[in-house]
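Asks: Just so it is clear, I am handing over upload_12.json, which has JSON, C-alpha atoms.
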[["chain", "number", "residue", "atom", "x", "y", "z"],
["A", 95, "MET", "CA", -7.18, 1.13, -7.90],
["A", 96, "THR", "CA", -7.81, 2.88, -11.20],
["A", 97, "LEU", "CA", -4.34, 3.74, -12.46],
["A", 98, "GLY", "CA", -5.23, 5.17, -15.85],
["A", 99, "THR", "CA", -5.54, 4.15, -19.47],
["A", 100, "ARG", "CA", -2.96, 1.94, -21.11],
["A", 101, "THR", "CA", -0.91, 3.95, -23.57],
["A", 102, "ARG", "CA", 2.50, 4.20, -25.13],
["A", 103, "ILE", "CA", 4.35, 7.13, -23.60],
["A", 104, "GLN", "CA", 6.46, 9.11, -26.08],
["A", 105, "HIS", "CA", 7.86, 11.99, -24.10],
["A", 106, "ARG", "CA", 11.52, 11.53, -25.03],
["A", 107, "ALA", "CA", 13.40, 11.68, -28.26],
["A", 108, "PRO", "CA", 15.28, 8.49, -29.18],
["A", 109, "GLY", "CA", 18.77, 8.20, -27.78],
["A", 110, "ASP", "CA", 20.56, 7.16, -24.62],
["A", 111, "ALA", "CA", 19.42, 9.17, -21.60],
["A", 112, "LYS", "CA", 19.94, 9.30, -17.86],
["A", 113, "ALA", "CA", 17.52, 10.35, -15.13],
["A", 114, "PHE", "CA", 17.58, 10.49, -11.36],
["A", 115, "GLY", "CA", 14.89, 9.53, -8.89],
["A", 116, "ALA", "CA", 13.89, 9.22, -5.24],
["A", 117, "ALA", "CA", 13.15, 5.61, -4.30],
["A", 118, "SER", "CA", 11.18, 3.94, -1.55],
["A", 119, "THR", "CA", 13.42, 2.10, 0.89],
["A", 120, "ALA", "CA", 11.17, -0.93, 0.26],
["A", 121, "LEU", "CA", 12.98, -1.20, -3.09],
["A", 122, "ARG", "CA", 16.50, -1.11, -1.65],
["A", 123, "PRO", "CA", 16.99, -4.93, -1.78],
["A", 124, "ALA", "CA", 15.90, -5.06, -5.44],
["A", 125, "LEU", "CA", 17.87, -1.99, -6.52],
["A", 126, "GLU", "CA", 21.05, -2.91, -4.67],
["A", 127, "SER", "CA", 21.06, -6.54, -5.88],
["A", 128, "PRO", "CA", 22.86, -7.60, -9.06],
["A", 129, "ARG", "CA", 21.15, -6.53, -12.30],
["A", 130, "ARG", "CA", 18.16, -8.72, -13.18],
["A", 131, "PRO", "CA", 15.87, -8.73, -16.20],
["A", 132, "ALA", "CA", 12.41, -7.22, -15.95],
["A", 133, "ARG", "CA", 9.54, -6.44, -18.28],
["A", 134, "VAL", "CA", 7.17, -3.53, -18.62],
["A", 135, "LEU", "CA", 3.96, -4.76, -17.03],
["A", 136, "ALA", "CA", 1.75, -1.71, -17.62],
["A", 137, "VAL", "CA", 2.07, 1.86, -18.83],
["A", 138, "PHE", "CA", -0.09, 4.79, -17.70],
["A", 139, "PRO", "CA", 0.16, 8.54, -18.18],
["A", 140, "LEU", "CA", 1.83, 9.04, -14.79],
["A", 141, "GLY", "CA", 3.64, 5.76, -14.28],
["A", 142, "VAL", "CA", 5.41, 2.73, -15.73],
["A", 143, "TYR", "CA", 5.16, -0.58, -13.86],
["A", 144, "LEU", "CA", 7.99, -3.09, -14.16],
["A", 145, "GLU", "CA", 7.87, -6.72, -13.08],
["A", 146, "ILE", "CA", 11.22, -8.17, -12.02],
["A", 147, "ARG", "CA", 11.69, -11.70, -13.30],
["A", 148, "THR", "CA", 12.63, -13.25, -9.99],
["A", 149, "ASP", "CA", 11.09, -14.28, -6.67],
["A", 150, "VAL", "CA", 12.35, -11.13, -4.95],
["A", 151, "GLU", "CA", 9.81, -8.91, -3.19],
["A", 152, "PRO", "CA", 8.64, -6.34, -4.06],
["A", 153, "SER", "CA", 8.50, -7.89, -7.54],
["A", 154, "VAL", "CA", 6.84, -4.87, -9.16],
["A", 155, "VAL", "CA", 8.54, -1.47, -9.31],
["A", 156, "ALA", "CA", 6.52, 1.66, -10.09],
["A", 157, "VAL", "CA", 8.46, 4.38, -11.92],
["A", 158, "VAL", "CA", 6.26, 7.45, -11.58],
["A", 159, "THR", "CA", 6.18, 11.22, -12.03],
["A", 160, "GLY", "CA", 5.84, 13.63, -9.15],
["A", 161, "GLU", "CA", 2.13, 14.05, -9.93],
["A", 162, "ALA", "CA", 1.35, 10.36, -9.43],
["A", 163, "THR", "CA", 0.22, 8.68, -6.23],
["A", 164, "ARG", "CA", 3.43, 7.85, -4.35],
["A", 165, "LEU", "CA", 3.10, 4.13, -3.84],
["A", 166, "PRO", "CA", 5.31, 2.26, -1.35],
["A", 167, "ASN", "CA", 7.08, 0.50, -4.24],
["A", 168, "ALA", "CA", 7.75, 3.66, -6.26],
["A", 169, "VAL", "CA", 10.71, 5.49, -7.72],
["A", 170, "VAL", "CA", 9.70, 9.11, -8.26],
["A", 171, "LEU", "CA", 11.24, 10.93, -11.24],
["A", 172, "SER", "CA", 11.64, 14.64, -11.73],
["A", 173, "ASP", "CA", 12.16, 14.00, -15.46],
["A", 174, "PRO", "CA", 9.58, 12.86, -18.05],
["A", 175, "LEU", "CA", 8.76, 9.18, -18.32],
["A", 176, "PRO", "CA", 10.52, 7.11, -20.99],
["A", 177, "ALA", "CA", 8.92, 6.00, -24.25],
["A", 178, "THR", "CA", 7.84, 2.41, -23.65],
["A", 179, "ALA", "CA", 4.96, -0.03, -23.95],
["A", 180, "ALA", "CA", 3.70, -3.08, -22.09],
["A", 181, "GLY", "CA", 5.88, -6.09, -22.83],
["A", 182, "ASP", "CA", 9.09, -4.11, -23.44],
["A", 183, "GLU", "CA", 12.31, -5.35, -21.86],
["A", 184, "ALA", "CA", 13.77, -3.63, -18.80],
["A", 185, "ALA", "CA", 16.24, -4.33, -15.99],
["A", 186, "VAL", "CA", 16.54, -3.57, -12.27],
["A", 187, "GLY", "CA", 19.63, -3.77, -10.07],
["A", 188, "ASP", "CA", 23.18, -2.50, -9.58],
["A", 189, "GLY", "CA", 21.68, 0.73, -8.24],
["A", 190, "CYS", "CA", 19.64, 1.60, -11.28],
["A", 191, "ILE", "CA", 16.60, 0.88, -13.46],
["A", 192, "GLU", "CA", 16.86, 0.51, -17.23],
["A", 193, "ILE", "CA", 13.78, 1.09, -19.39],
["A", 194, "GLY", "CA", 14.53, 1.16, -23.09],
["A", 195, "ARG", "CA", 17.33, 3.69, -23.58],
["A", 196, "LEU", "CA", 16.69, 5.41, -20.24],
["A", 197, "THR", "CA", 18.80, 4.62, -17.16],
["A", 198, "VAL", "CA", 17.36, 5.80, -13.85],
["A", 199, "ARG", "CA", 19.74, 6.14, -10.92],
["A", 200, "VAL", "CA", 18.56, 6.64, -7.34],
["A", 201, "ARG", "CA", 19.90, 9.77, -5.67],
["A", 202, "ARG", "CA", 17.87, 9.67, -2.48],
["A", 203, "TRP", "CA", 15.55, 7.42, -0.49],
["A", 204, "TRP", "CA", 12.26, 7.91, 1.36],
["A", 205, "ASP", "CA", 10.58, 5.72, 3.96],
["A", 206, "PRO", "CA", 7.11, 4.27, 3.17],
["A", 207, "ALA", "CA", 6.70, 3.16, 6.82],
["A", 208, "PRO", "CA", 7.83, 6.05, 9.02],
["A", 209, "SER", "CA", 7.40, 5.74, 12.78],
["A", 210, "LEU", "CA", 4.31, 7.45, 14.18],
["A", 211, "GLY", "CA", 5.82, 7.86, 17.62],
["A", 212, "PRO", "CA", 3.81, 6.95, 20.72],
["A", 213, "ILE", "CA", 0.02, 7.30, 20.56],
["A", 214, "GLU", "CA", -2.01, 7.30, 23.76],
["A", 215, "LEU", "CA", -5.06, 5.03, 23.73],
["A", 216, "PRO", "CA", -7.45, 7.85, 24.79],
["A", 217, "ARG", "CA", -6.47, 9.71, 21.61],
["A", 218, "LEU", "CA", -7.38, 6.71, 19.46],
["A", 219, "GLU", "CA", -10.71, 6.45, 21.26],
["A", 220, "ARG", "CA", -11.41, 10.12, 20.47],
["A", 221, "VAL", "CA", -10.21, 10.07, 16.87],
["A", 222, "LEU", "CA", -11.87, 6.82, 15.76],
["A", 223, "PRO", "CA", -15.48, 8.15, 15.77],
["A", 224, "ARG", "CA", -14.40, 11.23, 13.78],
["A", 225, "LEU", "CA", -12.66, 9.03, 11.21],
["A", 226, "GLY", "CA", -15.88, 7.04, 10.85],
["A", 227, "GLU", "CA", -17.97, 10.20, 10.45],
["A", 228, "ILE", "CA", -15.79, 11.54, 7.65],
["A", 229, "CYS", "CA", -15.92, 8.23, 5.78],
["A", 230, "GLN", "CA", -19.68, 7.88, 6.22],
["A", 231, "ALA", "CA", -20.32, 11.42, 4.94],
["A", 232, "SER", "CA", -18.29, 10.83, 1.78],
["A", 233, "PRO", "CA", -20.01, 9.75, -1.47],
["A", 234, "ARG", "CA", -16.99, 7.49, -2.09],
["A", 235, "ARG", "CA", -17.76, 3.96, -0.91],
["A", 236, "PRO", "CA", -15.69, 0.75, -0.73],
["A", 237, "GLY", "CA", -15.97, -1.44, -3.78],
["A", 238, "LEU", "CA", -17.38, -4.45, -1.91],
["A", 239, "ALA", "CA", -20.81, -4.65, -0.33],
["A", 240, "ASP", "CA", -21.19, -4.62, 3.45],
["A", 241, "GLY", "CA", -20.91, -7.98, 5.15],
["A", 242, "GLY", "CA", -19.09, -11.00, 3.76],
["A", 243, "ALA", "CA", -15.33, -11.33, 4.08],
["A", 244, "GLY", "CA", -14.89, -7.68, 5.09],
["A", 245, "ALA", "CA", -17.20, -8.03, 8.06],
["A", 246, "LEU", "CA", -15.50, -11.30, 9.03],
["A", 247, "LEU", "CA", -12.08, -9.61, 8.91],
["A", 248, "ALA", "CA", -13.28, -6.69, 11.05],
["A", 249, "GLU", "CA", -14.83, -9.03, 13.61],
["A", 250, "GLY", "CA", -11.86, -11.39, 13.68],
["A", 251, "CYS", "CA", -9.36, -8.55, 14.18],
["A", 252, "ALA", "CA", -11.45, -6.88, 16.90],
["A", 253, "ARG", "CA", -11.70, -10.17, 18.83],
["A", 254, "GLY", "CA", -8.11, -11.15, 18.14],
["A", 255, "SER", "CA", -9.43, -14.33, 16.50],
["A", 256, "LEU", "CA", -6.60, -15.66, 14.35],
["A", 257, "THR", "CA", -8.82, -18.25, 12.65],
["A", 258, "ALA", "CA", -11.47, -15.72, 11.60],
["A", 259, "ALA", "CA", -8.92, -13.09, 10.50],
["A", 260, "ILE", "CA", -6.88, -15.53, 8.39],
["A", 261, "THR", "CA", -10.03, -17.01, 6.82],
["A", 262, "ALA", "CA", -11.22, -13.52, 5.86],
["A", 263, "THR", "CA", -7.78, -12.57, 4.55],
["A", 264, "GLU", "CA", -7.76, -15.58, 2.23],
["A", 265, "GLN", "CA", -11.25, -14.69, 1.01],
["A", 266, "LEU", "CA", -10.45, -11.01, 0.39],
["A", 267, "MET", "CA", -7.26, -11.46, -1.64],
["A", 268, "GLY", "CA", -8.04, -10.81, -5.31],
["A", 269, "LEU", "CA", -11.71, -10.10, -4.61],
["A", 270, "GLY", "CA", -13.13, -7.46, -6.94],
["A", 271, "PRO", "CA", -12.14, -6.07, -10.36],
["A", 272, "GLY", "CA", -9.13, -3.98, -11.34],
["A", 273, "LEU", "CA", -5.34, -4.02, -11.06],
["A", 274, "THR", "CA", -5.73, -3.59, -7.32],
["A", 275, "PRO", "CA", -9.02, -5.31, -6.39],
["A", 276, "SER", "CA", -11.11, -3.81, -3.59],
["A", 277, "GLY", "CA", -10.51, -6.76, -1.29],
["A", 278, "ASP", "CA", -6.75, -6.23, -1.55],
["A", 279, "ASP", "CA", -6.98, -2.50, -0.83],
["A", 280, "MET", "CA", -9.21, -3.14, 2.20],
["A", 281, "LEU", "CA", -6.81, -5.77, 3.49],
["A", 282, "ALA", "CA", -3.81, -3.49, 2.89],
["A", 283, "GLY", "CA", -5.37, -0.78, 5.06],
["A", 284, "VAL", "CA", -6.00, -3.24, 7.88],
["A", 285, "LEU", "CA", -2.45, -4.63, 7.72],
["A", 286, "VAL", "CA", -0.86, -1.17, 7.85],
["A", 287, "ALA", "CA", -3.08, 0.06, 10.70],
["A", 288, "LEU", "CA", -2.62, -3.05, 12.83],
["A", 289, "ARG", "CA", 1.16, -2.84, 12.56],
["A", 290, "GLN", "CA", 1.74, 0.92, 12.62],
["A", 291, "VAL", "CA", -0.96, 2.01, 15.08],
["A", 292, "GLY", "CA", -0.65, -1.15, 17.16],
["A", 293, "ARG", "CA", 3.08, -0.55, 17.59],
["A", 294, "ALA", "CA", 2.62, 3.17, 18.32],
["A", 295, "ALA", "CA", -0.08, 2.46, 20.91],
["A", 296, "GLY", "CA", 1.86, -0.38, 22.51],
["A", 297, "VAL", "CA", -0.80, -3.00, 21.72],
["A", 298, "GLY", "CA", 1.31, -6.07, 21.10],
["A", 299, "ARG", "CA", -1.69, -8.25, 20.27],
["A", 300, "ALA", "CA", -2.40, -6.08, 17.22],
["A", 301, "VAL", "CA", 1.19, -6.39, 15.99],
["A", 302, "TRP", "CA", 1.07, -10.15, 16.62],
["A", 303, "LEU", "CA", -2.09, -10.36, 14.52],
["A", 304, "ALA", "CA", -0.45, -8.28, 11.78],
["A", 305, "ASP", "CA", 2.48, -10.72, 11.74],
["A", 306, "TRP", "CA", 0.19, -13.70, 11.16],
["A", 307, "LEU", "CA", -1.83, -11.94, 8.46],
["A", 308, "ALA", "CA", 1.42, -10.83, 6.82],
["A", 309, "ALA", "CA", 2.55, -14.47, 6.68],
["A", 310, "THR", "CA", -0.74, -15.41, 5.02],
["A", 311, "VAL", "CA", -0.31, -12.66, 2.43],
["A", 312, "ALA", "CA", 3.30, -13.63, 1.75],
["A", 313, "PHE", "CA", 2.27, -17.24, 1.14],
["A", 314, "ASP", "CA", -0.80, -16.64, -1.04],
["A", 315, "ALA", "CA", -0.78, -13.20, -2.70],
["A", 316, "ARG", "CA", 1.17, -14.08, -5.84],
["A", 317, "THR", "CA", -1.30, -16.81, -6.81],
["A", 318, "ARG", "CA", -4.50, -15.05, -5.71],
["A", 319, "THR", "CA", -4.27, -11.55, -7.19],
["A", 320, "THR", "CA", -2.56, -9.37, -9.80],
["A", 321, "PRO", "CA", 1.22, -8.78, -9.70],
["A", 322, "ILE", "CA", 0.77, -5.07, -8.91],
["A", 323, "SER", "CA", -1.68, -5.77, -6.11],
["A", 324, "ALA", "CA", 0.39, -8.65, -4.71],
["A", 325, "THR", "CA", 3.36, -6.28, -4.41],
["A", 326, "LEU", "CA", 1.27, -3.63, -2.63],
["A", 327, "LEU", "CA", -0.01, -6.29, -0.22],
["A", 328, "HIS", "CA", 3.56, -7.38, 0.45],
["A", 329, "CYS", "CA", 4.43, -3.77, 1.27],
["A", 330, "ALA", "CA", 1.35, -3.36, 3.49],
["A", 331, "ALA", "CA", 2.35, -6.50, 5.39],
["A", 332, "GLN", "CA", 5.56, -4.63, 6.36],
["A", 333, "GLY", "CA", 3.57, -1.55, 7.43],
["A", 334, "GLN", "CA", 4.38, 0.32, 4.19],
["A", 335, "ALA", "CA", 1.68, 2.38, 2.45],
["A", 336, "CYS", "CA", 1.06, 5.03, -0.18],
["A", 337, "ALA", "CA", 1.62, 8.67, 0.81],
["A", 338, "ASP", "CA", -2.11, 9.40, 1.14],
["A", 339, "ALA", "CA", -2.66, 6.51, 3.57],
["A", 340, "LEU", "CA", 0.41, 7.54, 5.58],
["A", 341, "ALA", "CA", -1.01, 11.06, 5.86],
["A", 342, "VAL", "CA", -4.18, 9.62, 7.45],
["A", 343, "LEU", "CA", -2.05, 7.68, 9.94],
["A", 344, "ARG", "CA", -0.18, 10.87, 10.81],
["A", 345, "GLY", "CA", -3.54, 12.59, 11.29],
["A", 346, "ILE", "CA", -4.63, 9.81, 13.62],
["A", 347, "ALA", "CA", -1.41, 10.24, 15.58],
["A", 348, "GLY", "CA", -1.96, 14.01, 15.82],
["A", 349, "HIS", "CA", 0.94, 15.08, 13.61],
["A", 350, "GLN", "CA", -1.25, 16.82, 11.01],
["A", 351, "PRO", "CA", -4.95, 17.63, 10.49],
["A", 352, "LEU", "CA", -6.98, 14.46, 10.07],
["A", 353, "GLU", "CA", -9.94, 15.57, 7.97],
["A", 354, "PRO", "CA", -8.07, 16.93, 4.90],
["A", 355, "ALA", "CA", -5.89, 13.80, 4.86],
["A", 356, "VAL", "CA", -8.92, 11.49, 4.88],
["A", 357, "HIS", "CA", -10.61, 13.45, 2.09],
["A", 358, "ARG", "CA", -7.47, 13.22, -0.07],
["A", 359, "LEU", "CA", -7.30, 9.47, 0.49],
["A", 360, "LEU", "CA", -10.98, 9.00, -0.34],
["A", 361, "ARG", "CA", -10.46, 10.68, -3.73],
["A", 362, "LEU", "CA", -7.79, 8.15, -4.71],
["A", 363, "GLY", "CA", -8.76, 6.01, -7.71],
["A", 364, "HIS", "CA", -12.27, 4.77, -8.35],
["A", 365, "THR", "CA", -12.76, 2.92, -5.05],
["A", 366, "SER", "CA", -9.19, 2.35, -3.84],
["A", 367, "GLY", "CA", -9.16, 5.35, -1.51],
["A", 368, "ALA", "CA", -12.44, 4.33, 0.09],
["A", 369, "ASP", "CA", -11.23, 0.73, 0.37],
["A", 370, "LEU", "CA", -7.98, 1.80, 2.04],
["A", 371, "ALA", "CA", -9.86, 4.15, 4.38],
["A", 372, "TRP", "CA", -12.16, 1.28, 5.37],
["A", 373, "GLY", "CA", -9.11, -0.84, 6.12],
["A", 374, "LEU", "CA", -7.38, 1.86, 8.17],
["A", 375, "ARG", "CA", -10.54, 2.51, 10.16],
["A", 376, "THR", "CA", -11.05, -1.22, 10.74],
["A", 377, "GLY", "CA", -7.45, -1.71, 11.84],
["A", 378, "VAL", "CA", -7.53, 1.24, 14.26],
["A", 379, "SER", "CA", -10.84, 0.00, 15.69],
["A", 380, "ALA", "CA", -9.26, -3.42, 16.24],
["A", 381, "VAL", "CA", -6.30, -1.84, 18.07],
["A", 382, "VAL", "CA", -8.73, -0.05, 20.41],
["A", 383, "GLU", "CA", -10.79, -3.21, 20.99],
["A", 384, "LEU", "CA", -7.73, -5.37, 21.61],
["A", 385, "ALA", "CA", -6.33, -2.82, 24.06],
["A", 386, "GLY", "CA", -9.67, -2.83, 25.91],
["A", 387, "SER", "CA", -9.63, -6.63, 26.08],
["A", 388, "LEU", "CA", -6.18, -6.55, 27.65],
["A", 389, "ARG", "CA", -7.29, -4.02, 30.27],
["A", 390, "THR", "CA", -10.33, -6.14, 31.12],
["A", 391, "ALA", "CA", -8.22, -9.28, 31.40],
["A", 392, "ARG", "CA", -5.97, -7.56, 33.94]]
Please render this file's structure as structure tokens.

Replies:
Amino acid sequence: MTLGTRTRIQHRAPGDAKAFGAASTALRPALESPRRPARVLAVFPLGVYLEIRTDVEPSVVAVVTGEATRLPNAVVLSDPLPATAAGDEAAVGDGCIEIGRLTVRVRRWWDPAPSLGPIELPRLERVLPRLGEICQASPRRPGLADGGAGALLAEGCARGSLTAAITATEQLMGLGPGLTPSGDDMLAGVLVALRQVGRAAGVGRAVWLADWLAATVAFDARTRTTPISATLLHCAAQGQACADALAVLRGIAGHQPLEPAVHRLLRLGHTSGADLAWGLRTGVSAVVELAGSLRTAR
């Protein structure tokens, strides 16, 4: 994902300041734990990324403005961002975030993995081709070439092959350039779709597969990819996603128009939106295939 250009943000005058934000419930364990030191990992025009110095997950907290992509590990501010730079000291815990002289307190929470409600399999079978058509017509393409680990992941998930899916997952983590490599974004889309759509459609095999892939991600992500991407993979393993990906899932479920949601997702970052869309489409396709296999077996 292309998050922006590194820069020092200087929107506030010096002095102690307080701000309030809306936080993802994925961050509740980190924010409600005792205060722990953190450091500023990266600074962009619309967001500051903090890495908590502990083994807690999510280990990276995104403090962003309302104009930024709402990531599943984000605290959204209505106030300007603090003046800070990569490497600066910070702290997270006791219900707040400290960055320089700014203290951010959470006033409300939002869910990065809302329930989709029940989805009938015939609806998935109708929607899936349209999702593919929209993606194919877009000039935005996934960052990795066709074939390779992506194709192995798609095939393994569709067949319910744990060996193939885990092998592909290990190959995709950290694959590609950027703070969130293409392989991670593709894998995140698959993880979210398997869990969220599989649960909504009542396809237990898809959720079972998501559980195993989530365990693989939890074991390997920190050593295979960037801290920001490892945190987003951890969130995806729990079914948590950015707002644009969640909108596509709601479109698939019939809660909002699908096409505008897919187009918004595809515009995200340089290739991240296309990578996530590929993953969502692959995960939904696997849910349909696994459901068909269960019907045939009966």

Asks: Atom CA of Cys251 of chain A and atom CA of Thr317 of chain A are how many Å apart?

Replies: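 Result for atom CA of Cys251 of chain A versus atom CA of Thr317 of chain A: 24.0 Å, one decimal.
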
Asks: State, in Å with one decimal place, the distance from atom CA of Ala347 of chain A to atom CA of Gln230 of chain A.

Replies: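 Going from atom CA of Ala347 of chain A over to atom CA of Gln230 of chain A covers 20.7 Å.
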
Asks: If we count only C-alpha atoms, what is near Gly298 of chain A at a cut-off of 12 Å, once residues fewer than 6 positions away on the same chain are taken out, given as a list in words?

Replies: Gly254, Leu288, Arg289, Gln290, Val291, Gly292, Ala304, Asp305, Ala380, Val381, Val382, Leu384, Ala385 and Leu388 of chain A

Asks: Here is a test: counting only C-alpha atoms, which residue of A:Arg361, A:Pro208, A:Gly377, A:Leu266 is nearest to Leu340 of chain A?

Replies: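 Selected residue with least distance to Leu340 of chain A: A:Pro208.
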
Asks: Interatomic distance between atom CA of Ala252 of chain A and atom CA of Ala300 of chain A?

Replies: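 Going from atom CA of Ala252 of chain A over to atom CA of Ala300 of chain A covers 9.1 Å.
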
Asks: Within 10 Å of Pro123 of chain A, counting all atoms listed in the file, which residues show up once you throw out same-chain ones fewer than 5 positions away? Write them as a ChimeraX atom specification, please.

Replies: /A:128,150-152,187,189

Asks: Could those selected residues go to a file with C-alpha atoms, as a PDB file, keeping the file's coordinate frame?

Replies:
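Produced file again-v4.pdb, reproduced below:
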ATOM      1  CA  PRO A 128      22.860  -7.600  -9.060  1.00  0.00           C
ATOM      2  CA  VAL A 150      12.350 -11.130  -4.950  1.00  0.00           C
ATOM      3  CA  GLU A 151       9.810  -8.910  -3.190  1.00  0.00           C
ATOM      4  CA  PRO A 152       8.640  -6.340  -4.060  1.00  0.00           C
ATOM      5  CA  GLY A 187      19.630  -3.770 -10.070  1.00  0.00           C
ATOM      6  CA  GLY A 189      21.680   0.730  -8.240  1.00  0.00           C
TER       7      GLY A 189
END

Asks: Out of A:Leu125, A:Leu352, A:Leu135, A:Leu359, which residue has the shortest atom-to-atom distance to Cys336 of chain A when counting all atoms listed in the file?

Replies: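 Counting all atoms listed in the file, the residue closest to Cys336 of chain A is A:Leu359.
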